[in-house]
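All remarks here apply to the structure that follows.
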Amino acid sequence: MQPMVITAAMVGAEVTREQTPYLPITAEEIAEDAAKCREAGAAMVHLHVRTADGRPSQDRELFRQAIRAIRARCDVLVQVSTGGAVGMSVDERCGGLELTGLDRPDMATLTTGTINFGPDVFWNPRPLVRDIASRIKALGLKPELECFDVGMIDEARALAKEGYVELPAHFDFVLGVGGALAADERALDFMRSYVPEGSTWTCAAMGRHQLPFVELVAHKGGHSRVGLEDNIFLSKGVLARGNYELVAEAARRARAAGREPATPQQARQLLALT
Ligand code: KMH
Ligand code: ZN
């Protein structure tokens with residue numbers, strides 16, 4: 001069976017140090033955890049950044065510092081978030097896309113529709129999605145199409161028809177966000193059956209579903225996203241002492257299902273990155 005690309009969603013925009021003291025915040029903390037994630041089996045990190053006091057940010061210079069610190073330590077691929085935090089402007093959200101040359105990310109997320117996001121709304125109207133898609137395309141990056149619900153896969157088809165993205169594409173099924181599609185095996189099965197022919201997919205299941213879904217996904221041939229952005233617990237009531245512990249557990253479960261964790265080089269090929 002083909003290797004599994006494990007992505008570590010390390011920081012996010014919502015988790016706080018009050019919830020877990022193990023959340024990396026500074027560039028050095030992110031890079032140290034990223035290197036351990038790479039050793040544990042991650043091929044890619046999904047990156048948000050924070051200000052020194054822990055507030056969510058999409059600041060270009062903070063991204064630059066984090067990416068440089070990561071690349072100084074290891075060869076893990078870097079996928080920048082363009083989702084940012086609820087309420088950010090489109091320009092704010094695209095801070096990580098302003099990096100070129102040696103600091104250029106390897107990939108960027110593109111959420112293809114609006115959803116309820118817990119008590120908030122993650123606002124992605126169609127013109128905004130096309131704006132972000134154009135910026136990702138201008139940088140020559142392949143987007144990871146983040147779909148929190150089924151209609152977002154249809155929107156990916158529309159985006160392809162209009163020339164904003166190419167098919168086959170790479171999808172991330174984000175399951176279990178409050179107000180959106182549940183982390184339920186039937187939902188996953190429909191999503192994976194519904195993507196355009198030849199597409200690849202990752203699944204990011206929220207909270208307690210995160211690690212069990214790695215096993216499910218391993219058997220179904222997909223790739224997995226784990227990390228503190230989506231889940232802070234290694235097991236019931238036990239905090240993960242860093243993203244690397246979640247990656248190590250994901251790698252263990254992948255191997256038990258016959259899937260080796262992909263190296264960054266293998267991930268490039270499997271996901272057809274430029
Ligand atoms: N923080 C969420 C509102 C992404 O990174 O592309 C959006 C998010 C999606 O995390
Ligand atoms: Zn994110």
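Chain labels run A, B, ... following the order of the structure tokens; each chain numbers its residues from 1, and ligands are numbered from 1 in the order shown.
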
task = Compute the set of protein, DNA and RNA residues whose minimum atom distance to ligand 2 is at most 8 Å, using only C-alpha atoms and all ligand atoms, and state it as a ChimeraX atom specification.
result = /A:9,11-13,46-48,81-84,109,229

Using only N, CA and C atoms, please write the residues we just selected to a file, as a short mmCIF file (atom, residue, chain, number, x, y, z; two decimals), in the first residue's frame.
data_model
loop_
_atom_site.label_atom_id
_atom_site.label_comp_id
_atom_site.auth_asym_id
_atom_site.auth_seq_id
_atom_site.Cartn_x
_atom_site.Cartn_y
_atom_site.Cartn_z
N ALA A 9 -0.90 19.66 11.96
CA ALA A 9 -1.52 20.99 12.10
C ALA A 9 -1.12 21.49 13.48
N VAL A 11 -0.39 24.57 15.14
CA VAL A 11 -0.64 25.77 15.95
C VAL A 11 -2.11 26.20 15.92
N GLY A 12 -2.67 26.32 14.72
CA GLY A 12 -4.05 26.76 14.58
C GLY A 12 -4.24 28.19 15.05
N ALA A 13 -5.52 28.55 15.14
CA ALA A 13 -5.83 29.93 15.55
C ALA A 13 -6.68 29.97 16.81
N HIS A 46 1.05 21.96 8.67
CA HIS A 46 0.06 22.97 8.31
C HIS A 46 0.26 24.11 9.31
N LEU A 47 0.57 25.30 8.77
CA LEU A 47 1.10 26.35 9.63
C LEU A 47 0.20 27.57 9.78
N HIS A 48 -0.05 27.92 11.05
CA HIS A 48 -0.56 29.25 11.44
C HIS A 48 0.55 29.85 12.29
N SER A 81 -1.56 28.31 6.14
CA SER A 81 -3.01 28.50 6.21
C SER A 81 -3.38 29.79 5.50
N THR A 82 -4.48 29.76 4.76
CA THR A 82 -5.07 31.02 4.29
C THR A 82 -6.43 31.21 4.98
N GLY A 83 -6.70 30.34 5.94
CA GLY A 83 -7.96 30.47 6.70
C GLY A 83 -7.80 31.44 7.84
N GLY A 84 -6.62 31.42 8.45
CA GLY A 84 -6.36 32.32 9.57
C GLY A 84 -7.34 32.09 10.70
N THR A 109 -3.56 26.29 2.01
CA THR A 109 -4.95 25.80 2.07
C THR A 109 -5.87 26.77 1.33
N GLU A 229 -3.86 21.84 16.55
CA GLU A 229 -4.89 22.73 16.01
C GLU A 229 -6.27 22.08 16.14
#

request  = Tell me which protein, DNA and RNA residues are within 9 Å of Leu273 of chain A, counting only C-alpha atoms, leaving out same-chain ones fewer than 2 positions away, and put them as a list in words.
outcome  =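 That gives Asp106, Met107, Leu141, Lys142, Ala267, Arg268, Gln269, Leu270 and Leu271 of chain A.
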
query = Would you name the residues within 10 Å of ligand 1, counting only C-alpha atoms and all ligand atoms, and put them as JSON, numbers by chain?
reply = {"A": [9, 11, 12, 13, 14, 15, 46, 47, 48, 56, 79, 80, 81, 82, 83, 84, 85, 86, 87, 88, 93, 108, 109, 110, 111, 112, 115, 116, 117, 118, 120, 121, 122, 123, 144, 145, 146, 147, 148, 172, 174, 177, 229, 230]}

Output the selection as a compact mmCIF listing (two decimals), in the first residue's frame - C-alpha atoms for each residue.
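Result written to again-v9.txt:
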# COMPACT_ATOMS: atom_id res chain seq x y z
CA ALA A 9 -1.52 20.99 12.10
CA VAL A 11 -0.64 25.77 15.95
CA GLY A 12 -4.05 26.76 14.58
CA ALA A 13 -5.83 29.93 15.55
CA GLU A 14 -8.16 28.84 18.30
CA VAL A 15 -6.27 26.71 20.83
CA HIS A 46 0.06 22.97 8.31
CA LEU A 47 1.10 26.35 9.63
CA HIS A 48 -0.56 29.25 11.44
CA PRO A 56 -3.59 34.38 16.17
CA GLN A 79 1.69 24.35 4.05
CA VAL A 80 0.52 27.83 5.07
CA SER A 81 -3.01 28.50 6.21
CA THR A 82 -5.07 31.02 4.29
CA GLY A 83 -7.96 30.47 6.70
CA GLY A 84 -6.36 32.32 9.57
CA ALA A 85 -8.82 33.10 12.34
CA VAL A 86 -12.51 33.88 12.07
CA GLY A 87 -13.01 37.59 11.39
CA MET A 88 -9.71 38.29 9.60
CA ARG A 93 -5.40 35.80 5.75
CA ALA A 108 -1.44 26.58 0.91
CA THR A 109 -4.95 25.80 2.07
CA LEU A 110 -8.01 27.03 0.22
CA THR A 111 -11.36 26.65 1.98
CA THR A 112 -14.06 26.51 -0.67
CA ILE A 115 -19.65 27.24 7.38
CA ASN A 116 -20.74 27.62 10.96
CA PHE A 117 -17.59 27.20 13.03
CA GLY A 118 -18.64 26.47 16.58
CA ASP A 120 -18.84 31.66 14.86
CA VAL A 121 -19.04 31.75 11.08
CA PHE A 122 -15.97 30.92 8.97
CA TRP A 123 -16.75 33.35 6.21
CA GLU A 144 -5.13 21.87 -0.41
CA LEU A 145 -8.88 22.28 -0.91
CA GLU A 146 -10.37 22.33 2.58
CA CYS A 147 -13.89 20.98 2.57
CA PHE A 148 -15.90 21.11 5.78
CA ASP A 172 -8.72 17.94 2.95
CA VAL A 174 -12.33 18.58 7.77
CA VAL A 177 -16.37 21.06 13.42
CA GLU A 229 -4.89 22.73 16.01
CA ASP A 230 -7.60 20.07 15.91

inquiry  = If we count only C-alpha atoms and set the cut-off at 12 Å, which residues sit around Leu211 of chain A, ignoring sequence neighbours fewer than 4 positions away in its own chain? Please answer as a ChimeraX atom specification.
reply    = /A:6,183,203-207,215-218,224-228,230-236,240,245-254

request  = Write out as a PyMOL selection string which residues come within 9 Å of Gly54 of chain A when counting only C-alpha atoms, dropping same-chain ones fewer than 6 positions away.
outcome  = chain A and resi 16-17+25-26

Output the selection as a PDB file, in the first residue's frame - C-alpha atoms for each residue.
ATOM      1  CA  THR A  16      -4.790  28.646  23.765  1.00  0.00           C
ATOM      2  CA  ARG A  17      -1.949  28.130  26.229  1.00  0.00           C
ATOM      3  CA  ILE A  25       3.970  29.831  19.723  1.00  0.00           C
ATOM      4  CA  THR A  26       7.361  31.318  18.851  1.00  0.00           C
TER       5      THR A  26
END

ask   = Of the candidates A:Val238, A:Val76, A:Ala272, A:Ala133, which one gets nearest to Ala156 of chain A if we count only C-alpha atoms?
value =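 Result for the nearest residue to Ala156 of chain A: A:Ala133.
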
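Interatomic distance, atom CA of Ala169 of chain A to atom CA of Pro127 of chain A: 20.1 Å.
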